[in-house]
There are 2 protein chains.
Amino acid sequence: MIIAVDAMGGDGGPSVVLPGCSLFLKSQTSPQDLRFQFYGDESQIEKILNTDDVLSSVSSVHHSDRIITSDTAPASAIRHGRQSQLAMALQAVGDGKAHATVSAGNTGAYMALAKTIFQTLNDLDRPALPGWIPTPRGETLLLDVGANIVCSSHRLAQFALMGEVLVQQQYNVERPSIGVLNVGTEEIKGNSLTQEVLQTLRQIENINVYGFVEGDDITAGTTDVVVTDGFTGNVAIKAMEGTARLMSHFMRETFTRTVWRKVVGCLATPALREMRRRSDPRLYNGSVFLGLKHVAVKSHGGTDAVGFANALGVATRAFEHDLIARMEERLKLVS
Amino acid sequence: MIIAVDAMGGDGGPSVVLPGCSLFLKSQTSPQDLRFQFYGDESQIEKILNTDDVLSSVSSVHHSDRIITSDTAPASAIRHGRQSQLAMALQAVGDGKAHATVSAGNTGAYMALAKTIFQTLNDLDRPALPGWIPTPRGETLLLDVGANIVCSSHRLAQFALMGEVLVQQQYNVERPSIGVLNVGTEEIKGNSLTQEVLQTLRQIENINVYGFVEGDDITAGTTDVVVTDGFTGNVAIKAMEGTARLMSHFMRETFTRTVWRKVVGCLATPALREMRRRSDPRLYNGSVFLGLKHVAVKSHGGTDAVGFANALGVATRAFEHDLIARMEERLKLVS
């Protein structure tokens, strides 16, 4: 499998992206089957690549002068044409020279370019960005977490169906339950969009609609899939990440306050580490843009190498399990 | 001080509300200065009151047949007229027979009635519901967390000013910083509302506008106040509460997995309890409706007695510190 990687995306750029690829490579049982194409500033990429022989041996570097950063507006990214590092990475997949794109860059620009270069499935307006949220009994799929800031009810219904397929594929759940994110579970609650979405979903045959769910139902795992617009979903996922970080902070403070606490903290370290691992947002990093004709994975901009490696894993699994074809099939049944 | 309490509100009704009042009474240094008026089903209230002599001695019961529950639509609550338990509790304050209302009931109905009976300050369209969020260095004030589902930029600017006053009063911060909740911190991010709000705020003199903040900035304490519409704010606060609960769940599981872990868990109990206390959403329960001419406090519907007691504390402080007059003054300067 060949992954086309935006080496410049994210807060850390190549200094996070390349170590992430290196980590991922080491974690593979058949590393010889993997190839990386790095797109971006050649000198910056090679400076890091030269320090890593293993990664270097499976990588090629593709230079671009027109770097898309987190400040680039989507419209401006489109005007850069096919010359930006992000467009080049996507084009490689579009041309069949690579199998999936991974970027930690600007979500809006990435999605605009991916939509133009990959094109969308069936009658889909735009792709969606899903996020996996830990729960006591597994994970909840939340979408959209930031790709579509303004959404129609029809679009949210498409998200629900694509989320359904992703959960089916990932967890072998036959009929994943679908919740619509709202400010209350009663049927009267919410705004006109939430009301319309529920009505639209209830008209679709053979779909397991639960009804409205609230913000705390996401981590409770009340439903397998939670659909919402990209504005609300983005705020929700970041609020959850922030809370996980806050509690880790409180924990560190608590276990360093006194000498006795430090001793107890040492004894508790394996347990605390396990707990943090279960709620580590980096392990849930990496979201496939849902609704495109090829695999494009978005990593968080603020991720570290561990998180970026996880995003590469998401890309690999989506490609190997033929996610796109399955989703196209499911969307045909309803639209 | 006399508190008019909706005894029927919330998931637990009188079985949570009355024990909450009892707890609060016990926590007071001058319990003799406190009086409760309970509004709702007389027989249910008295059944519990009869088991608590101390609470009973400072309480009066006011019967209503027309109970507003969490399923009552705001419009229907208004049609109940002044006969519902919630309207009666508010009317008591409006008539000067009590000093503040506290309810754990239906937010929409409560706000609609409070607006009608208390009326709003100056040219405010509607009151807002604030939430206090724990951070490493104190608390962030998030508003609106559920009262105004759809908001204009003018309304959000009013929220910013009221939030500013609340933080000034609570923390003695001279110029609290104001953030606008968005999907990114770059100026280009967001939808038309977030763009408009930032422009509106920047035109107000003598206000400390930070700019856009993201979901994880709330628990990071990036700004003192975070403003957003009631839909997004409600989802965000519940998502944060859900995450705190999830992590507590993981912690319990982690410290019961093996015998050794249980021993370590026992040693760590005081530390873990302290940590949970710092992130306990019940301690942050109780929000004043901001922008009304009297004090109306909303408790979460799913709270327990500890949380309800905290909401009573919020009402007491708002009344004692003359919050309403200060806010009216500040709003005059700008609208």
# chains A, B, ... in the order shown; residues from 1 in each chain; ligands from 1
>>> select_by_dssp(residues="stretch 30-234 of chain A", states="alpha helix (DSSP H)", output="count of residues only")
82
>>> interface_residues(of="chain A", to="chain B", cutoff="8 Å", atoms="only C-alpha atoms", output="short mmCIF file (atom, residue, chain, number, x, y, z; two decimals) with N, CA, C and O atoms, in the first residue's frame")
data_model
loop_
_atom_site.label_atom_id
_atom_site.label_comp_id
_atom_site.auth_asym_id
_atom_site.auth_seq_id
_atom_site.Cartn_x
_atom_site.Cartn_y
_atom_site.Cartn_z
N ASP A 71 -3.56 28.57 7.99
CA ASP A 71 -4.17 29.88 7.75
C ASP A 71 -4.75 30.03 6.34
O ASP A 71 -5.41 31.03 6.04
N ALA A 73 -7.16 29.96 3.44
CA ALA A 73 -8.61 29.83 3.27
C ALA A 73 -8.87 28.78 2.18
O ALA A 73 -8.09 28.65 1.24
N THR A 135 -16.24 5.14 24.87
CA THR A 135 -17.39 4.97 25.78
C THR A 135 -17.08 3.78 26.68
O THR A 135 -16.12 3.05 26.42
N PRO A 136 -17.88 3.55 27.73
CA PRO A 136 -17.62 2.38 28.59
C PRO A 136 -17.68 1.07 27.81
O PRO A 136 -17.06 0.09 28.19
N GLY A 146 -16.43 18.65 11.82
CA GLY A 146 -15.80 19.90 11.42
C GLY A 146 -15.70 20.19 9.94
O GLY A 146 -15.24 21.26 9.55
N ILE A 149 -19.68 23.05 8.06
CA ILE A 149 -20.08 23.96 9.14
C ILE A 149 -21.59 24.20 9.13
O ILE A 149 -22.23 24.25 10.17
N VAL A 150 -22.17 24.32 7.95
CA VAL A 150 -23.61 24.50 7.82
C VAL A 150 -24.18 23.28 7.09
O VAL A 150 -23.65 22.89 6.05
N LEU A 181 -28.00 14.55 17.50
CA LEU A 181 -27.53 15.38 18.62
C LEU A 181 -28.45 16.59 18.80
O LEU A 181 -28.74 17.30 17.85
N ASN A 182 -28.90 16.78 20.05
CA ASN A 182 -29.86 17.84 20.34
C ASN A 182 -29.66 18.35 21.77
O ASN A 182 -28.81 17.85 22.49
N VAL A 183 -30.45 19.34 22.16
CA VAL A 183 -30.33 19.91 23.50
C VAL A 183 -31.28 19.23 24.49
O VAL A 183 -31.38 19.66 25.64
N GLU A 186 -36.46 14.92 24.48
CA GLU A 186 -37.89 14.98 24.17
C GLU A 186 -38.08 15.43 22.72
O GLU A 186 -37.32 16.23 22.20
N ILE A 188 -40.01 17.42 21.41
CA ILE A 188 -40.27 18.85 21.17
C ILE A 188 -39.01 19.69 21.17
O ILE A 188 -39.04 20.87 20.82
N GLY A 190 -35.12 21.31 20.55
CA GLY A 190 -34.20 21.60 19.47
C GLY A 190 -34.62 22.72 18.55
O GLY A 190 -35.50 23.51 18.87
N ASN A 191 -33.95 22.81 17.43
CA ASN A 191 -34.26 23.83 16.42
C ASN A 191 -34.88 23.16 15.19
O ASN A 191 -35.12 21.94 15.18
N GLU A 214 -28.33 13.70 23.71
CA GLU A 214 -27.72 14.93 24.21
C GLU A 214 -26.19 14.79 24.25
O GLU A 214 -25.66 13.71 24.00
N GLY A 215 -25.53 15.89 24.57
CA GLY A 215 -24.07 15.90 24.56
C GLY A 215 -23.43 14.80 25.38
O GLY A 215 -22.40 14.24 24.99
N ASP A 216 -24.02 14.46 26.52
CA ASP A 216 -23.40 13.44 27.37
C ASP A 216 -23.72 12.02 26.91
O ASP A 216 -23.15 11.06 27.43
N ASP A 217 -24.63 11.88 25.96
CA ASP A 217 -24.91 10.55 25.41
C ASP A 217 -23.77 10.06 24.52
O ASP A 217 -23.65 8.86 24.26
N ILE A 218 -22.95 10.99 24.03
CA ILE A 218 -21.86 10.59 23.13
C ILE A 218 -20.88 9.68 23.87
O ILE A 218 -20.61 8.57 23.42
N THR A 219 -20.38 10.13 25.02
CA THR A 219 -19.45 9.30 25.80
C THR A 219 -20.17 8.19 26.56
O THR A 219 -19.53 7.26 27.02
N ALA A 220 -21.49 8.29 26.72
CA ALA A 220 -22.23 7.21 27.38
C ALA A 220 -22.44 6.04 26.43
O ALA A 220 -22.75 4.94 26.86
N PHE A 231 -20.22 22.28 12.79
CA PHE A 231 -19.92 23.29 13.81
C PHE A 231 -20.10 22.68 15.20
O PHE A 231 -19.18 22.66 16.01
N THR A 232 -21.29 22.13 15.45
CA THR A 232 -21.59 21.54 16.75
C THR A 232 -20.68 20.35 17.04
O THR A 232 -20.17 20.20 18.15
N ASN A 234 -17.69 19.72 15.91
CA ASN A 234 -16.32 20.15 16.18
C ASN A 234 -16.18 20.68 17.60
O ASN A 234 -15.23 20.34 18.32
N VAL A 235 -17.13 21.51 18.01
CA VAL A 235 -17.09 22.04 19.38
C VAL A 235 -17.20 20.89 20.38
O VAL A 235 -16.45 20.82 21.36
N ALA A 236 -18.09 19.94 20.10
CA ALA A 236 -18.30 18.82 21.04
C ALA A 236 -17.04 17.98 21.18
O ALA A 236 -16.60 17.67 22.29
N ILE A 237 -16.42 17.60 20.06
CA ILE A 237 -15.25 16.71 20.15
C ILE A 237 -14.09 17.43 20.83
O ILE A 237 -13.38 16.83 21.65
N LYS A 238 -13.93 18.73 20.57
CA LYS A 238 -12.84 19.45 21.22
C LYS A 238 -13.14 19.68 22.71
O LYS A 238 -12.24 19.66 23.53
N ALA A 239 -14.41 19.90 23.04
CA ALA A 239 -14.78 20.05 24.45
C ALA A 239 -14.47 18.75 25.21
O ALA A 239 -13.98 18.78 26.34
N MET A 240 -14.73 17.61 24.57
CA MET A 240 -14.46 16.32 25.21
C MET A 240 -12.96 16.10 25.37
O MET A 240 -12.49 15.67 26.43
N GLU A 241 -12.19 16.42 24.34
CA GLU A 241 -10.73 16.30 24.44
C GLU A 241 -10.19 17.19 25.55
O GLU A 241 -9.32 16.80 26.32
N GLY A 242 -10.72 18.42 25.61
CA GLY A 242 -10.26 19.36 26.63
C GLY A 242 -10.54 18.85 28.04
O GLY A 242 -9.72 19.00 28.94
N THR A 243 -11.71 18.23 28.21
CA THR A 243 -12.07 17.71 29.53
C THR A 243 -11.17 16.54 29.92
O THR A 243 -10.74 16.44 31.08
N ALA A 244 -10.85 15.69 28.95
CA ALA A 244 -9.94 14.56 29.23
C ALA A 244 -8.57 15.11 29.66
O ALA A 244 -7.97 14.61 30.62
N LEU A 246 -8.02 18.07 31.02
CA LEU A 246 -8.18 18.71 32.32
C LEU A 246 -8.11 17.68 33.45
O LEU A 246 -7.45 17.89 34.46
N MET A 247 -8.78 16.55 33.25
CA MET A 247 -8.80 15.54 34.32
C MET A 247 -7.42 14.92 34.49
O MET A 247 -7.02 14.61 35.61
N HIS A 249 -4.70 16.51 34.05
CA HIS A 249 -3.99 17.57 34.76
C HIS A 249 -4.29 17.51 36.26
O HIS A 249 -3.38 17.54 37.10
N PHE A 250 -5.58 17.42 36.59
CA PHE A 250 -5.97 17.32 38.00
C PHE A 250 -5.30 16.11 38.66
O PHE A 250 -4.88 16.16 39.81
N MET A 251 -5.23 15.01 37.90
CA MET A 251 -4.67 13.79 38.44
C MET A 251 -3.19 13.96 38.75
O MET A 251 -2.72 13.58 39.82
N THR A 254 -2.87 16.10 41.79
CA THR A 254 -3.30 15.38 42.98
C THR A 254 -2.21 14.44 43.49
O THR A 254 -1.97 14.33 44.68
N PHE A 255 -1.52 13.76 42.54
CA PHE A 255 -0.53 12.77 42.94
C PHE A 255 0.88 13.34 43.09
O PHE A 255 1.85 12.59 43.10
N ARG A 261 1.49 11.20 48.79
CA ARG A 261 0.74 11.14 47.54
C ARG A 261 1.64 10.69 46.38
O ARG A 261 1.22 9.96 45.50
N VAL A 264 2.07 6.95 46.65
CA VAL A 264 0.84 6.29 46.18
C VAL A 264 0.74 6.42 44.66
O VAL A 264 0.38 5.47 43.96
N GLY A 265 1.10 7.60 44.15
CA GLY A 265 1.05 7.84 42.71
C GLY A 265 1.96 6.88 41.97
O GLY A 265 1.59 6.35 40.91
N LEU A 267 2.86 3.83 43.00
CA LEU A 267 2.22 2.51 43.05
C LEU A 267 1.08 2.44 42.05
O LEU A 267 0.81 1.39 41.45
N ALA A 268 0.40 3.56 41.87
CA ALA A 268 -0.79 3.57 41.01
C ALA A 268 -0.46 3.81 39.55
O ALA A 268 -1.35 3.77 38.70
N ALA A 271 -1.85 1.54 36.75
CA ALA A 271 -3.31 1.66 36.66
C ALA A 271 -3.70 2.99 36.01
O ALA A 271 -4.55 3.04 35.12
N LEU A 272 -3.04 4.07 36.44
CA LEU A 272 -3.37 5.39 35.90
C LEU A 272 -3.00 5.47 34.42
O LEU A 272 -3.72 6.06 33.62
N GLU A 274 -2.97 3.00 32.31
CA GLU A 274 -3.98 2.24 31.57
C GLU A 274 -5.25 3.07 31.37
O GLU A 274 -5.83 3.11 30.29
N MET A 275 -5.62 3.79 32.46
CA MET A 275 -6.83 4.61 32.37
C MET A 275 -6.66 5.73 31.35
O MET A 275 -7.54 5.98 30.54
N ARG A 278 -6.93 4.51 27.81
CA ARG A 278 -8.30 4.26 27.32
C ARG A 278 -8.99 5.54 26.89
O ARG A 278 -9.91 5.53 26.08
N SER A 279 -8.59 6.66 27.51
CA SER A 279 -9.27 7.92 27.16
C SER A 279 -8.34 8.87 26.41
O SER A 279 -8.59 10.05 26.33
#
>>> select_by_dssp(residues="stretch 111-197 of chain B", states="strand (DSSP E)", output="ChimeraX atom specification")
/B:130-135,138-143,177-181
>>> residues_around(residues="A:Ala98", least_positions_apart="4", cutoff="6 Å", atoms="only C-alpha atoms", output="list of chain:residue names")
A:Ile2, A:Ile3, A:Ala92, A:Val93
>>> atom_distance(atom1="atom CA of B:Gln169", atom2="atom CA of B:Thr223")
16.1 Å
>>> residues_around(residues="B:Ser287", least_positions_apart="2", cutoff="8 Å", atoms="only C-alpha atoms", output="tab-separated table (two decimals) with C-alpha atoms, in the first residue's frame")
chain	number	residue	atom	x	y	z
B	129	LEU	CA	-28.16	30.55	30.93
B	130	PRO	CA	-24.48	30.52	32.05
B	131	GLY	CA	-22.43	27.50	33.11
B	285	ASN	CA	-24.59	23.03	39.16
B	289	PHE	CA	-30.81	33.25	34.12
B	297	VAL	CA	-31.67	29.84	39.11
B	298	LYS	CA	-31.83	26.72	36.93
B	299	SER	CA	-30.50	23.44	38.29
B	311	ALA	CA	-27.89	25.65	42.92
B	314	VAL	CA	-25.84	30.23	43.53
>>> atom_distance(atom1="atom CA of A:Val197", atom2="atom CA of A:Ala160")
9.8 Å
>>> decode(residues="stretch 89-181 of chain A", atoms="C-alpha atoms", output="PDB file, in the first residue's frame")
ATOM      1  CA  ALA A  89      -0.829  14.354  -2.575  1.00  0.00           C
ATOM      2  CA  LEU A  90      -4.514  14.030  -3.479  1.00  0.00           C
ATOM      3  CA  GLN A  91      -3.750  13.973  -7.211  1.00  0.00           C
ATOM      4  CA  ALA A  92      -1.370  11.040  -6.715  1.00  0.00           C
ATOM      5  CA  VAL A  93      -4.290   9.028  -5.307  1.00  0.00           C
ATOM      6  CA  GLY A  94      -6.677  10.310  -7.993  1.00  0.00           C
ATOM      7  CA  ASP A  95      -4.175   9.175 -10.659  1.00  0.00           C
ATOM      8  CA  GLY A  96      -3.779   5.733  -9.091  1.00  0.00           C
ATOM      9  CA  LYS A  97      -0.170   6.333  -8.052  1.00  0.00           C
ATOM     10  CA  ALA A  98      -1.049   6.057  -4.341  1.00  0.00           C
ATOM     11  CA  HIS A  99      -3.936   4.495  -2.369  1.00  0.00           C
ATOM     12  CA  ALA A 100      -4.790   7.014   0.332  1.00  0.00           C
ATOM     13  CA  THR A 101      -3.944  10.569   1.427  1.00  0.00           C
ATOM     14  CA  VAL A 102      -3.231  11.594   5.034  1.00  0.00           C
ATOM     15  CA  SER A 103      -2.912  15.223   6.193  1.00  0.00           C
ATOM     16  CA  ALA A 104      -2.913  17.063   9.535  1.00  0.00           C
ATOM     17  CA  GLY A 105      -3.434  20.380   7.716  1.00  0.00           C
ATOM     18  CA  ASN A 106      -6.258  22.901   7.450  1.00  0.00           C
ATOM     19  CA  THR A 107      -9.548  20.960   7.428  1.00  0.00           C
ATOM     20  CA  GLY A 108     -11.408  23.409   5.180  1.00  0.00           C
ATOM     21  CA  ALA A 109      -8.696  23.562   2.532  1.00  0.00           C
ATOM     22  CA  TYR A 110      -8.121  19.798   2.662  1.00  0.00           C
ATOM     23  CA  MET A 111     -11.787  19.050   2.235  1.00  0.00           C
ATOM     24  CA  ALA A 112     -12.271  21.563  -0.576  1.00  0.00           C
ATOM     25  CA  LEU A 113      -9.350  20.086  -2.503  1.00  0.00           C
ATOM     26  CA  ALA A 114     -10.313  16.479  -1.754  1.00  0.00           C
ATOM     27  CA  LYS A 115     -13.821  17.167  -2.997  1.00  0.00           C
ATOM     28  CA  THR A 116     -12.509  18.685  -6.241  1.00  0.00           C
ATOM     29  CA  ILE A 117      -9.840  16.093  -6.942  1.00  0.00           C
ATOM     30  CA  PHE A 118     -11.493  12.911  -5.619  1.00  0.00           C
ATOM     31  CA  GLN A 119     -15.127  13.911  -6.314  1.00  0.00           C
ATOM     32  CA  THR A 120     -18.061  12.775  -4.173  1.00  0.00           C
ATOM     33  CA  LEU A 121     -20.096   9.575  -4.207  1.00  0.00           C
ATOM     34  CA  ASN A 122     -23.562   9.579  -5.825  1.00  0.00           C
ATOM     35  CA  ASP A 123     -25.505  12.782  -5.184  1.00  0.00           C
ATOM     36  CA  LEU A 124     -23.577  13.756  -2.050  1.00  0.00           C
ATOM     37  CA  ASP A 125     -23.027  17.496  -1.689  1.00  0.00           C
ATOM     38  CA  ARG A 126     -19.916  17.242   0.442  1.00  0.00           C
ATOM     39  CA  PRO A 127     -17.980  14.690   2.466  1.00  0.00           C
ATOM     40  CA  ALA A 128     -18.216  14.493   6.259  1.00  0.00           C
ATOM     41  CA  LEU A 129     -15.549  14.149   8.932  1.00  0.00           C
ATOM     42  CA  PRO A 130     -16.258  11.442  11.554  1.00  0.00           C
ATOM     43  CA  GLY A 131     -14.704  11.141  15.011  1.00  0.00           C
ATOM     44  CA  TRP A 132     -14.512   8.054  17.238  1.00  0.00           C
ATOM     45  CA  ILE A 133     -15.363   8.786  20.870  1.00  0.00           C
ATOM     46  CA  PRO A 134     -14.499   6.332  23.686  1.00  0.00           C
ATOM     47  CA  THR A 135     -17.387   4.975  25.782  1.00  0.00           C
ATOM     48  CA  PRO A 136     -17.623   2.384  28.588  1.00  0.00           C
ATOM     49  CA  ARG A 137     -18.613  -0.250  26.000  1.00  0.00           C
ATOM     50  CA  GLY A 138     -16.536   0.668  22.954  1.00  0.00           C
ATOM     51  CA  GLU A 139     -16.768   3.727  20.765  1.00  0.00           C
ATOM     52  CA  THR A 140     -19.413   6.098  19.448  1.00  0.00           C
ATOM     53  CA  LEU A 141     -19.048   7.470  15.937  1.00  0.00           C
ATOM     54  CA  LEU A 142     -19.708  11.219  15.925  1.00  0.00           C
ATOM     55  CA  LEU A 143     -20.105  13.029  12.613  1.00  0.00           C
ATOM     56  CA  ASP A 144     -19.634  15.626  11.236  1.00  0.00           C
ATOM     57  CA  VAL A 145     -16.801  16.897  13.487  1.00  0.00           C
ATOM     58  CA  GLY A 146     -15.797  19.899  11.420  1.00  0.00           C
ATOM     59  CA  ALA A 147     -15.957  19.494   7.655  1.00  0.00           C
ATOM     60  CA  ASN A 148     -19.470  20.886   7.006  1.00  0.00           C
ATOM     61  CA  ILE A 149     -20.077  23.955   9.138  1.00  0.00           C
ATOM     62  CA  VAL A 150     -23.612  24.500   7.821  1.00  0.00           C
ATOM     63  CA  CYS A 151     -25.764  21.434   7.054  1.00  0.00           C
ATOM     64  CA  SER A 152     -29.214  20.638   5.640  1.00  0.00           C
ATOM     65  CA  SER A 153     -31.329  17.817   7.047  1.00  0.00           C
ATOM     66  CA  HIS A 154     -30.787  15.857   3.813  1.00  0.00           C
ATOM     67  CA  ARG A 155     -27.046  16.113   4.298  1.00  0.00           C
ATOM     68  CA  LEU A 156     -27.304  14.932   7.911  1.00  0.00           C
ATOM     69  CA  ALA A 157     -29.360  11.938   6.738  1.00  0.00           C
ATOM     70  CA  GLN A 158     -26.564  11.044   4.322  1.00  0.00           C
ATOM     71  CA  PHE A 159     -24.103  11.333   7.211  1.00  0.00           C
ATOM     72  CA  ALA A 160     -26.248   8.926   9.218  1.00  0.00           C
ATOM     73  CA  LEU A 161     -26.109   6.293   6.464  1.00  0.00           C
ATOM     74  CA  MET A 162     -22.377   6.642   5.931  1.00  0.00           C
ATOM     75  CA  GLY A 163     -21.795   6.473   9.684  1.00  0.00           C
ATOM     76  CA  GLU A 164     -23.900   3.332   9.774  1.00  0.00           C
ATOM     77  CA  VAL A 165     -21.655   1.661   7.154  1.00  0.00           C
ATOM     78  CA  LEU A 166     -18.470   2.721   8.965  1.00  0.00           C
ATOM     79  CA  VAL A 167     -19.691   1.231  12.272  1.00  0.00           C
ATOM     80  CA  GLN A 168     -20.911  -1.941  10.519  1.00  0.00           C
ATOM     81  CA  GLN A 169     -17.494  -2.395   8.938  1.00  0.00           C
ATOM     82  CA  GLN A 170     -15.508  -1.519  12.060  1.00  0.00           C
ATOM     83  CA  TYR A 171     -17.517  -3.361  14.722  1.00  0.00           C
ATOM     84  CA  ASN A 172     -19.639  -5.936  12.874  1.00  0.00           C
ATOM     85  CA  VAL A 173     -22.786  -4.408  14.368  1.00  0.00           C
ATOM     86  CA  GLU A 174     -25.646  -5.488  12.117  1.00  0.00           C
ATOM     87  CA  ARG A 175     -27.962  -2.520  12.641  1.00  0.00           C
ATOM     88  CA  PRO A 176     -26.070   0.350  14.282  1.00  0.00           C
ATOM     89  CA  SER A 177     -28.358   2.735  16.169  1.00  0.00           C
ATOM     90  CA  ILE A 178     -28.472   6.350  14.994  1.00  0.00           C
ATOM     91  CA  GLY A 179     -28.937   9.342  17.329  1.00  0.00           C
ATOM     92  CA  VAL A 180     -29.478  12.982  16.365  1.00  0.00           C
ATOM     93  CA  LEU A 181     -27.535  15.380  18.619  1.00  0.00           C
TER      94      LEU A 181
END
